[in-house]
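Colleague: Following this line is data.tsv, made up of TSV, N, CA and C atoms and all ligand atoms:
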chain	number	residue	atom	x	y	z
A	1	MET	N	0.85	-1.19	0.00
A	1	MET	CA	0.00	0.00	0.00
A	1	MET	C	0.88	1.23	0.00
A	2	ALA	N	0.82	2.04	-1.02
A	2	ALA	CA	1.66	3.23	-1.08
A	2	ALA	C	0.79	4.49	-1.09
A	3	ASP	N	1.20	5.48	-0.32
A	3	ASP	CA	0.54	6.79	-0.31
A	3	ASP	C	1.56	7.79	0.20
A	4	GLU	N	1.13	9.01	0.58
A	4	GLU	CA	2.09	10.01	1.05
A	4	GLU	C	2.82	9.52	2.29
A	5	ALA	N	2.15	8.66	3.08
A	5	ALA	CA	2.76	8.17	4.31
A	5	ALA	C	3.76	7.07	4.03
A	6	GLY	N	3.91	6.68	2.78
A	6	GLY	CA	4.86	5.63	2.44
A	6	GLY	C	4.20	4.27	2.41
A	7	GLU	N	5.01	3.31	2.11
A	7	GLU	CA	4.54	1.92	2.09
A	7	GLU	C	4.44	1.40	3.52
A	8	ARG	N	3.44	0.61	3.77
A	8	ARG	CA	3.24	0.07	5.11
A	8	ARG	C	3.80	-1.34	5.17
A	9	ILE	N	4.67	-1.59	6.13
A	9	ILE	CA	5.35	-2.89	6.21
A	9	ILE	C	5.11	-3.51	7.58
A	10	PHE	N	4.67	-4.76	7.58
A	10	PHE	CA	4.41	-5.44	8.86
A	10	PHE	C	5.67	-5.49	9.70
A	11	LEU	N	5.51	-5.16	10.97
A	11	LEU	CA	6.64	-5.18	11.89
A	11	LEU	C	6.51	-6.29	12.94
A	12	CYS	N	5.38	-6.31	13.65
A	12	CYS	CA	5.19	-7.33	14.69
A	12	CYS	C	3.73	-7.31	15.13
A	13	ALA	N	3.38	-8.27	15.95
A	13	ALA	CA	2.05	-8.26	16.55
A	13	ALA	C	2.02	-7.20	17.65
A	14	SER	N	0.88	-6.57	17.84
A	14	SER	CA	0.76	-5.55	18.89
A	14	SER	C	1.21	-6.09	20.24
A	15	GLY	N	0.88	-7.34	20.52
A	15	GLY	CA	1.22	-7.94	21.80
A	15	GLY	C	2.71	-8.15	22.01
A	16	ASP	N	3.49	-8.04	20.94
A	16	ASP	CA	4.95	-8.18	21.08
A	16	ASP	C	5.58	-6.94	21.71
A	17	LEU	N	4.84	-5.83	21.71
A	17	LEU	CA	5.35	-4.59	22.29
A	17	LEU	C	4.68	-4.36	23.63
A	18	ALA	N	5.34	-4.79	24.68
A	18	ALA	CA	4.81	-4.61	26.04
A	18	ALA	C	5.12	-3.20	26.52
A	19	GLU	N	4.21	-2.65	27.29
A	19	GLU	CA	4.40	-1.31	27.86
A	19	GLU	C	5.73	-1.22	28.62
A	20	GLY	N	6.60	-0.32	28.15
A	20	GLY	CA	7.89	-0.13	28.80
A	20	GLY	C	8.80	-1.35	28.74
A	21	GLY	N	8.50	-2.26	27.86
A	21	GLY	CA	9.25	-3.52	27.79
A	21	GLY	C	10.38	-3.47	26.78
A	22	THR	N	10.88	-4.64	26.46
A	22	THR	CA	11.98	-4.71	25.50
A	22	THR	C	11.49	-4.32	24.11
A	23	GLY	N	12.42	-3.79	23.33
A	23	GLY	CA	12.08	-3.34	21.99
A	23	GLY	C	12.12	-4.49	21.00
A	24	VAL	N	11.44	-4.27	19.89
A	24	VAL	CA	11.45	-5.23	18.78
A	24	VAL	C	12.31	-4.62	17.67
A	25	ALA	N	13.32	-5.35	17.26
A	25	ALA	CA	14.26	-4.85	16.25
A	25	ALA	C	13.75	-5.13	14.84
A	26	PHE	N	14.10	-4.25	13.93
A	26	PHE	CA	13.85	-4.50	12.50
A	26	PHE	C	14.91	-3.76	11.70
A	27	GLU	N	15.07	-4.18	10.46
A	27	GLU	CA	16.13	-3.59	9.64
A	27	GLU	C	15.54	-2.65	8.62
A	28	VAL	N	16.27	-1.58	8.36
A	28	VAL	CA	15.85	-0.59	7.36
A	28	VAL	C	17.06	-0.19	6.53
A	29	LEU	N	16.76	0.41	5.40
A	29	LEU	CA	17.78	1.07	4.60
A	29	LEU	C	17.54	2.56	4.75
A	30	TYR	N	18.46	3.26	5.43
A	30	TYR	CA	18.29	4.69	5.69
A	30	TYR	C	19.39	5.44	4.97
A	31	ARG	N	19.00	6.27	4.02
A	31	ARG	CA	19.98	7.01	3.20
A	31	ARG	C	21.01	6.07	2.59
A	32	GLY	N	20.53	4.91	2.16
A	32	GLY	CA	21.40	3.94	1.50
A	32	GLY	C	22.19	3.05	2.43
A	33	GLU	N	22.04	3.25	3.74
A	33	GLU	CA	22.81	2.48	4.71
A	33	GLU	C	21.89	1.50	5.43
A	34	LYS	N	22.30	0.24	5.50
A	34	LYS	CA	21.50	-0.76	6.20
A	34	LYS	C	21.71	-0.59	7.70
A	35	LEU	N	20.64	-0.30	8.41
A	35	LEU	CA	20.71	-0.05	9.85
A	35	LEU	C	19.61	-0.84	10.56
A	36	ARG	N	19.80	-0.99	11.85
A	36	ARG	CA	18.73	-1.57	12.64
A	36	ARG	C	17.88	-0.45	13.23
A	37	ALA	N	16.62	-0.75	13.40
A	37	ALA	CA	15.69	0.16	14.05
A	37	ALA	C	15.00	-0.64	15.15
A	38	PHE	N	14.25	0.06	15.99
A	38	PHE	CA	13.56	-0.66	17.07
A	38	PHE	C	12.24	0.03	17.36
A	39	ALA	N	11.32	-0.79	17.84
A	39	ALA	CA	10.01	-0.29	18.25
A	39	ALA	C	9.80	-0.61	19.72
A	40	VAL	N	9.17	0.31	20.42
A	40	VAL	CA	8.82	0.12	21.84
A	40	VAL	C	7.39	0.63	22.04
A	41	ARG	N	6.85	0.26	23.19
A	41	ARG	CA	5.54	0.82	23.55
A	41	ARG	C	5.71	1.65	24.81
A	42	TRP	N	5.12	2.84	24.77
A	42	TRP	CA	5.22	3.75	25.92
A	42	TRP	C	3.91	4.51	26.05
A	43	HIS	N	3.34	4.46	27.25
A	43	HIS	CA	2.04	5.09	27.51
A	43	HIS	C	1.00	4.65	26.47
A	44	GLY	N	1.07	3.38	26.13
A	44	GLY	CA	0.07	2.78	25.25
A	44	GLY	C	0.35	2.89	23.77
A	45	GLN	N	1.24	3.79	23.39
A	45	GLN	CA	1.50	4.01	21.98
A	45	GLN	C	2.81	3.34	21.55
A	46	ALA	N	2.81	2.84	20.33
A	46	ALA	CA	4.03	2.26	19.77
A	46	ALA	C	4.85	3.35	19.09
A	47	HIS	N	6.15	3.32	19.30
A	47	HIS	CA	7.06	4.29	18.70
A	47	HIS	C	8.27	3.54	18.17
A	48	ALA	N	8.87	4.08	17.10
A	48	ALA	CA	10.06	3.43	16.55
A	48	ALA	C	11.09	4.46	16.13
A	49	TYR	N	12.34	4.06	16.23
A	49	TYR	CA	13.47	4.92	15.89
A	49	TYR	C	14.58	4.10	15.27
A	50	LEU	N	15.45	4.76	14.52
A	50	LEU	CA	16.68	4.10	14.12
A	50	LEU	C	17.46	3.79	15.39
A	51	ASN	N	18.09	2.65	15.41
A	51	ASN	CA	18.90	2.28	16.58
A	51	ASN	C	20.29	2.87	16.40
A	52	ARG	N	20.34	4.20	16.47
A	52	ARG	CA	21.62	4.89	16.28
A	52	ARG	C	21.63	6.12	17.17
A	53	CYS	N	22.52	6.13	18.12
A	53	CYS	CA	22.63	7.26	19.03
A	53	CYS	C	23.08	8.50	18.27
A	54	THR	N	22.68	9.66	18.76
A	54	THR	CA	23.08	10.91	18.11
A	54	THR	C	24.36	11.47	18.72
A	55	HIS	N	24.95	10.78	19.66
A	55	HIS	CA	26.25	11.19	20.21
A	55	HIS	C	27.35	10.60	19.34
A	56	VAL	N	27.57	9.31	19.47
A	56	VAL	CA	28.44	8.57	18.59
A	56	VAL	C	27.52	7.60	17.87
A	57	GLN	N	27.73	7.38	16.61
A	57	GLN	CA	26.76	6.60	15.84
A	57	GLN	C	26.88	5.12	16.14
A	58	THR	N	26.39	4.78	17.32
A	58	THR	CA	26.39	3.39	17.74
A	58	THR	C	24.98	3.01	18.17
A	59	GLU	N	24.71	1.72	18.28
A	59	GLU	CA	23.38	1.30	18.72
A	59	GLU	C	23.18	1.62	20.20
A	60	LEU	N	21.95	1.86	20.58
A	60	LEU	CA	21.67	2.31	21.94
A	60	LEU	C	21.73	1.18	22.97
A	61	ASP	N	21.33	0.00	22.56
A	61	ASP	CA	21.14	-1.09	23.53
A	61	ASP	C	22.38	-1.96	23.64
A	62	TYR	N	22.97	-1.93	24.81
A	62	TYR	CA	24.09	-2.83	25.08
A	62	TYR	C	23.56	-4.25	25.25
A	63	ARG	N	22.47	-4.37	26.01
A	63	ARG	CA	21.76	-5.66	26.10
A	63	ARG	C	20.63	-5.57	25.10
A	64	GLU	N	20.63	-6.43	24.11
A	64	GLU	CA	19.72	-6.30	22.99
A	64	GLU	C	18.27	-6.14	23.43
A	65	GLY	N	17.64	-5.11	22.92
A	65	GLY	CA	16.22	-4.87	23.18
A	65	GLY	C	15.94	-4.05	24.42
A	66	HIS	N	16.98	-3.74	25.20
A	66	HIS	CA	16.78	-2.98	26.43
A	66	HIS	C	17.06	-1.50	26.16
A	67	PHE	N	16.00	-0.73	26.02
A	67	PHE	CA	16.13	0.68	25.66
A	67	PHE	C	15.68	1.61	26.78
A	68	PHE	N	14.84	1.14	27.68
A	68	PHE	CA	14.30	2.02	28.71
A	68	PHE	C	15.23	2.15	29.91
A	69	ASP	N	15.14	3.32	30.57
A	69	ASP	CA	15.84	3.49	31.84
A	69	ASP	C	15.10	2.71	32.93
A	70	ALA	N	15.62	2.74	34.14
A	70	ALA	CA	15.05	1.94	35.21
A	70	ALA	C	13.61	2.32	35.50
A	71	ALA	N	13.28	3.61	35.36
A	71	ALA	CA	11.92	4.07	35.62
A	71	ALA	C	10.98	3.81	34.44
A	72	ARG	N	11.52	3.37	33.33
A	72	ARG	CA	10.76	3.12	32.09
A	72	ARG	C	10.07	4.38	31.59
A	73	GLU	N	10.74	5.49	31.78
A	73	GLU	CA	10.18	6.77	31.32
A	73	GLU	C	11.00	7.41	30.21
A	74	LEU	N	12.23	6.95	30.02
A	74	LEU	CA	13.09	7.50	28.98
A	74	LEU	C	13.83	6.38	28.28
A	75	LEU	N	14.19	6.63	27.03
A	75	LEU	CA	15.06	5.71	26.31
A	75	LEU	C	16.49	6.13	26.63
A	76	VAL	N	17.34	5.17	26.88
A	76	VAL	CA	18.71	5.52	27.29
A	76	VAL	C	19.72	4.79	26.41
A	77	CYS	N	20.76	5.52	26.06
A	77	CYS	CA	21.87	4.91	25.33
A	77	CYS	C	22.81	4.29	26.35
A	78	ALA	N	23.09	3.02	26.18
A	78	ALA	CA	23.90	2.31	27.16
A	78	ALA	C	25.36	2.74	27.13
A	79	THR	N	25.79	3.37	26.05
A	79	THR	CA	27.23	3.67	25.93
A	79	THR	C	27.66	4.81	26.85
A	80	HIS	N	27.03	5.98	26.75
A	80	HIS	CA	27.40	7.12	27.61
A	80	HIS	C	26.20	7.74	28.32
A	81	GLY	N	25.04	7.14	28.21
A	81	GLY	CA	23.90	7.57	29.01
A	81	GLY	C	23.04	8.69	28.46
A	82	ALA	N	23.13	9.01	27.20
A	82	ALA	CA	22.18	9.99	26.64
A	82	ALA	C	20.76	9.46	26.81
A	83	VAL	N	19.84	10.36	27.12
A	83	VAL	CA	18.45	9.93	27.31
A	83	VAL	C	17.54	10.68	26.34
A	84	PHE	N	16.51	9.99	25.89
A	84	PHE	CA	15.62	10.48	24.84
A	84	PHE	C	14.17	10.24	25.25
A	85	GLU	N	13.30	11.17	24.87
A	85	GLU	CA	11.87	10.97	25.14
A	85	GLU	C	11.34	9.85	24.26
A	86	PRO	N	10.60	8.90	24.85
A	86	PRO	CA	10.10	7.77	24.06
A	86	PRO	C	9.11	8.15	22.97
A	87	ASP	N	8.38	9.24	23.14
A	87	ASP	CA	7.36	9.58	22.15
A	87	ASP	C	7.86	10.51	21.05
A	88	THR	N	8.90	11.29	21.33
A	88	THR	CA	9.40	12.22	20.32
A	88	THR	C	10.80	11.89	19.84
A	89	GLY	N	11.56	11.17	20.64
A	89	GLY	CA	12.96	10.90	20.33
A	89	GLY	C	13.88	12.05	20.68
A	90	CYS	N	13.34	13.15	21.25
A	90	CYS	CA	14.17	14.30	21.60
A	90	CYS	C	15.15	13.93	22.71
A	91	CYS	N	16.35	14.42	22.58
A	91	CYS	CA	17.38	14.18	23.59
A	91	CYS	C	17.12	15.13	24.76
A	92	VAL	N	17.00	14.60	25.95
A	92	VAL	CA	16.68	15.43	27.12
A	92	VAL	C	17.74	15.29	28.21
A	93	GLY	N	18.88	14.70	27.88
A	93	GLY	CA	19.95	14.62	28.87
A	93	GLY	C	21.11	13.83	28.31
A	94	GLY	N	22.28	14.08	28.87
A	94	GLY	CA	23.47	13.35	28.42
A	94	GLY	C	24.04	13.95	27.16
A	95	PRO	N	25.01	13.25	26.55
A	95	PRO	CA	25.78	13.84	25.45
A	95	PRO	C	25.16	13.71	24.05
A	96	GLY	N	23.91	13.26	23.94
A	96	GLY	CA	23.30	13.13	22.62
A	96	GLY	C	23.26	14.47	21.89
A	97	ARG	N	23.32	14.40	20.59
A	97	ARG	CA	23.30	15.62	19.77
A	97	ARG	C	22.06	15.59	18.88
A	98	GLY	N	20.95	16.02	19.43
A	98	GLY	CA	19.72	16.05	18.65
A	98	GLY	C	18.90	14.80	18.83
A	99	PRO	N	17.73	14.79	18.19
A	99	PRO	CA	16.78	13.69	18.38
A	99	PRO	C	17.17	12.44	17.61
A	100	LEU	N	16.65	11.32	18.09
A	100	LEU	CA	16.73	10.08	17.33
A	100	LEU	C	15.92	10.23	16.06
A	101	VAL	N	16.26	9.45	15.04
A	101	VAL	CA	15.50	9.48	13.79
A	101	VAL	C	14.27	8.59	13.96
A	102	LYS	N	13.10	9.22	13.85
A	102	LYS	CA	11.85	8.51	14.08
A	102	LYS	C	11.41	7.74	12.85
A	103	VAL	N	10.84	6.58	13.08
A	103	VAL	CA	10.23	5.77	12.02
A	103	VAL	C	8.73	5.76	12.30
A	104	SER	N	7.94	6.16	11.32
A	104	SER	CA	6.49	6.20	11.53
A	104	SER	C	5.92	4.80	11.66
A	105	LEU	N	5.00	4.66	12.59
A	105	LEU	CA	4.32	3.38	12.81
A	105	LEU	C	2.83	3.58	12.72
A	106	SER	N	2.13	2.50	12.45
A	106	SER	CA	0.68	2.48	12.62
A	106	SER	C	0.32	1.12	13.21
A	107	GLU	N	-0.84	1.08	13.81
A	107	GLU	CA	-1.27	-0.14	14.48
A	107	GLU	C	-2.72	-0.37	14.10
A	108	GLU	N	-3.00	-1.59	13.64
A	108	GLU	CA	-4.35	-1.89	13.18
A	108	GLU	C	-4.60	-3.38	13.34
A	109	ASP	N	-5.75	-3.72	13.89
A	109	ASP	CA	-6.15	-5.12	14.04
A	109	ASP	C	-5.08	-5.98	14.69
A	110	GLY	N	-4.47	-5.44	15.74
A	110	GLY	CA	-3.50	-6.23	16.48
A	110	GLY	C	-2.16	-6.38	15.80
A	111	LYS	N	-1.90	-5.55	14.80
A	111	LYS	CA	-0.62	-5.62	14.09
A	111	LYS	C	0.01	-4.23	14.05
A	112	VAL	N	1.33	-4.23	14.14
A	112	VAL	CA	2.09	-2.98	14.06
A	112	VAL	C	2.83	-2.96	12.72
A	113	TYR	N	2.76	-1.81	12.06
A	113	TYR	CA	3.42	-1.63	10.76
A	113	TYR	C	4.36	-0.44	10.84
A	114	TRP	N	5.48	-0.51	10.13
A	114	TRP	CA	6.30	0.68	9.96
A	114	TRP	C	6.10	1.20	8.55
A	115	HIS	N	6.38	2.48	8.39
A	115	HIS	CA	6.11	3.15	7.11
A	115	HIS	C	7.39	3.66	6.48
A	116	THR	N	7.53	3.39	5.22
A	116	THR	CA	8.69	3.90	4.50
A	116	THR	C	8.54	5.42	4.34
A	117	ALA	N	9.66	6.06	4.04
A	117	ALA	CA	9.67	7.50	3.80
A	117	ALA	C	10.73	7.77	2.72
A	118	ALA	N	10.96	9.03	2.42
A	118	ALA	CA	11.84	9.38	1.30
A	118	ALA	C	13.21	8.70	1.41
A	119	GLN	N	13.78	8.68	2.59
A	119	GLN	CA	15.12	8.12	2.76
A	119	GLN	C	15.10	6.82	3.56
A	120	LEU	N	13.93	6.23	3.67
A	120	LEU	CA	13.76	5.09	4.57
A	120	LEU	C	13.00	3.99	3.84
A	121	HIS	N	13.67	2.87	3.64
A	121	HIS	CA	13.09	1.78	2.85
A	121	HIS	C	13.42	0.44	3.49
A	122	PRO	N	12.73	-0.61	3.05
A	122	PRO	CA	13.13	-1.95	3.50
A	122	PRO	C	14.53	-2.27	2.96
A	123	PRO	N	15.30	-3.08	3.64
A	123	PRO	CA	16.68	-3.33	3.21
A	123	PRO	C	16.79	-4.08	1.90
A	124	THR	N	15.71	-4.70	1.45
A	124	THR	CA	15.79	-5.50	0.22
A	124	THR	C	15.56	-4.68	-1.04
A	125	THR	N	15.16	-3.40	-0.91
A	125	THR	CA	14.89	-2.61	-2.12
A	125	THR	C	16.02	-1.65	-2.40
B	201	LIG	S1	27.08	6.82	22.08
B	201	LIG	FE1	25.15	7.18	22.98
B	201	LIG	S2	25.57	8.51	24.61
B	201	LIG	FE2	27.48	8.26	23.65
What does this structure look like when you write it as structure tokens?
Modeller:
Amino acid sequence: MADEAGERIFLCASGDLAEGGTGVAFEVLYRGEKLRAFAVRWHGQAHAYLNRCTHVQTELDYREGHFFDAARELLVCATHGAVFEPDTGCCVGGPGRGPLVKVSLSEEDGKVYWHTAAQLHPPTT
């Protein structure tokens, strides 16, 4: 399905994203580079970002899938502790330089989908 919002690609079942729980990884092609992205659920809504810190371009999770801080209120980079808002990706503490790159999601009939964008595609295309 293609429209202004991009192509919709199945990501996972809604139940795979537990509130404040571990993230679900998926792969994307971003600006021609194959990267991992992740989805989490926070305050009932699913959110997804490229798994790339804005401090040093490394993945955020030292333990795979663990993105939340202890209070489950912020996403935290395990390398130097930059913290990001789960709903916007804005950096609100630590050495991060700007927001995480957001991946649009939608949720319908118990399924979560991610959406392609101008510089964001499935890795096979
Ligand atoms: S690499 Fe993420 S805070 Fe430094």
Colleague: Which is closer to Phe68 in chain A than all the others in A:Lys111, A:Trp42, A:Gly20, A:Gly6, using only N, CA and C atoms?
Modeller: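 That would be A:Gly20, the residue with the smallest distance to Phe68 in chain A.
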Colleague: Name the residues, by chain letter and number, that sit within 6 Å of ligand LIG 201 (chain B) using only C-alpha atoms and all ligand atoms, and give them as an mmCIF file with N, CA and C atoms, in the coordinates of the input.
Modeller:
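Below you can see out_29.cif, which holds the result:
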data_model
loop_
_atom_site.group_PDB
_atom_site.id
_atom_site.type_symbol
_atom_site.label_atom_id
_atom_site.label_comp_id
_atom_site.auth_asym_id
_atom_site.auth_seq_id
_atom_site.Cartn_x
_atom_site.Cartn_y
_atom_site.Cartn_z
ATOM 1 N N CYS A 53 22.520 6.130 18.120
ATOM 2 C CA CYS A 53 22.630 7.260 19.030
ATOM 3 C C CYS A 53 23.080 8.500 18.270
ATOM 4 N N HIS A 55 24.950 10.780 19.660
ATOM 5 C CA HIS A 55 26.250 11.190 20.210
ATOM 6 C C HIS A 55 27.350 10.600 19.340
ATOM 7 N N VAL A 56 27.570 9.310 19.470
ATOM 8 C CA VAL A 56 28.440 8.570 18.590
ATOM 9 C C VAL A 56 27.520 7.600 17.870
ATOM 10 N N THR A 58 26.390 4.780 17.320
ATOM 11 C CA THR A 58 26.390 3.390 17.740
ATOM 12 C C THR A 58 24.980 3.010 18.170
ATOM 13 N N CYS A 77 20.760 5.520 26.060
ATOM 14 C CA CYS A 77 21.870 4.910 25.330
ATOM 15 C C CYS A 77 22.810 4.290 26.350
ATOM 16 N N THR A 79 25.790 3.370 26.050
ATOM 17 C CA THR A 79 27.230 3.670 25.930
ATOM 18 C C THR A 79 27.660 4.810 26.850
ATOM 19 N N HIS A 80 27.030 5.980 26.750
ATOM 20 C CA HIS A 80 27.400 7.120 27.610
ATOM 21 C C HIS A 80 26.200 7.740 28.320
ATOM 22 N N GLY A 81 25.040 7.140 28.210
ATOM 23 C CA GLY A 81 23.900 7.570 29.010
ATOM 24 C C GLY A 81 23.040 8.690 28.460
ATOM 25 N N ALA A 82 23.130 9.010 27.200
ATOM 26 C CA ALA A 82 22.180 9.990 26.640
ATOM 27 C C ALA A 82 20.760 9.460 26.810
ATOM 28 N N PRO A 95 25.010 13.250 26.550
ATOM 29 C CA PRO A 95 25.780 13.840 25.450
ATOM 30 C C PRO A 95 25.160 13.710 24.050
ATOM 31 N N GLY A 96 23.910 13.260 23.940
ATOM 32 C CA GLY A 96 23.300 13.130 22.620
ATOM 33 C C GLY A 96 23.260 14.470 21.890
#
Colleague: Once 8 Å is added on each side, what centre and edge lengths in Å to one decimal does the axis-aligned box around all listed atoms of range 36-45 of chain A have, as lines of an AutoDock Vina configuration file?
Modeller:
center_x = 9.9
center_y = 1.8
center_z = 19.7
size_x = 35.7
size_y = 22.7
size_z = 31.7
Colleague: May I have the residues within 7 Å of Arg52 in chain A as a VMD selection string, using all atoms listed in the file and disregarding those fewer than 4 positions away in the same chain?
Modeller: chain A and resid 36 to 37 56 to 60 100 to 101
Colleague: What is the distance between atom N of Ser106 in chain A and atom N of Thr54 in chain A, in Å to one decimal?
Modeller: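 Value for the atom N of Ser106 in chain A-atom N of Thr54 in chain A distance: 22.7 Å.
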Colleague: Have a look at atom C of Leu17 in chain A and atom C of Cys90 in chain A and let me know their distance in Å, one decimal.
Modeller: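 Separation of atom C of Leu17 in chain A and atom C of Cys90 in chain A: 21.1 Å.
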Colleague: Could you pull out all residues of range 1-110 of chain A with a DSSP call of strand (DSSP E) and give them as a ChimeraX atom specification?
Modeller: /A:8-13,24-30,33-42,45-50,75-76,83-84,91-93,102-103,105-108
Colleague: Could you list as a PyMOL selection string every residue that has an atom within 8 Å of (8.1, -5.1, 16.8), using the file's coordinates and counting all atoms listed in the file?
Modeller: chain A and resi 10-14+16-17+23-26+38-40+112-113
Colleague: Just how far from CA of Gly21 in chain A is CA of Arg41 in chain A, in Å to one decimal?
Modeller: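 Result for CA of Arg41 in chain A versus CA of Gly21 in chain A: 7.1 Å, one decimal.
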Colleague: Which of these residues is nearest to Glu64 in chain A, using only N, CA and C atoms: A:Gly15, A:Thr22, A:Thr124, A:Arg97?
Modeller: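 Of A:Gly15, A:Thr22, A:Thr124, A:Arg97, the one nearest Glu64 in chain A is A:Thr22, counting only N, CA and C atoms.
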Colleague: Ranking A:Glu19, A:Glu27, A:Ala78, A:Ala118 by minimum distance to Gly44 in chain A and counting all atoms listed in the file, which one comes first?
Modeller: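 Result for the nearest residue to Gly44 in chain A: A:Glu19.
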Colleague: If you count only C-alpha atoms, which residues fall within 12 Å of Gly32 in chain A, apart from same-chain ones fewer than 2 positions away, as a list in words?
Modeller: Val28, Leu29, Tyr30, Lys34, Leu35, Ala118, Gln119, Leu120, His121, Pro122, Pro123, Thr124 and Thr125 of chain A
Colleague: With distances taken over only C-alpha atoms, which residue among A:Lys102, A:Arg63, A:Arg8, A:His115 lies nearest Pro86 in chain A?
Modeller: A:Lys102
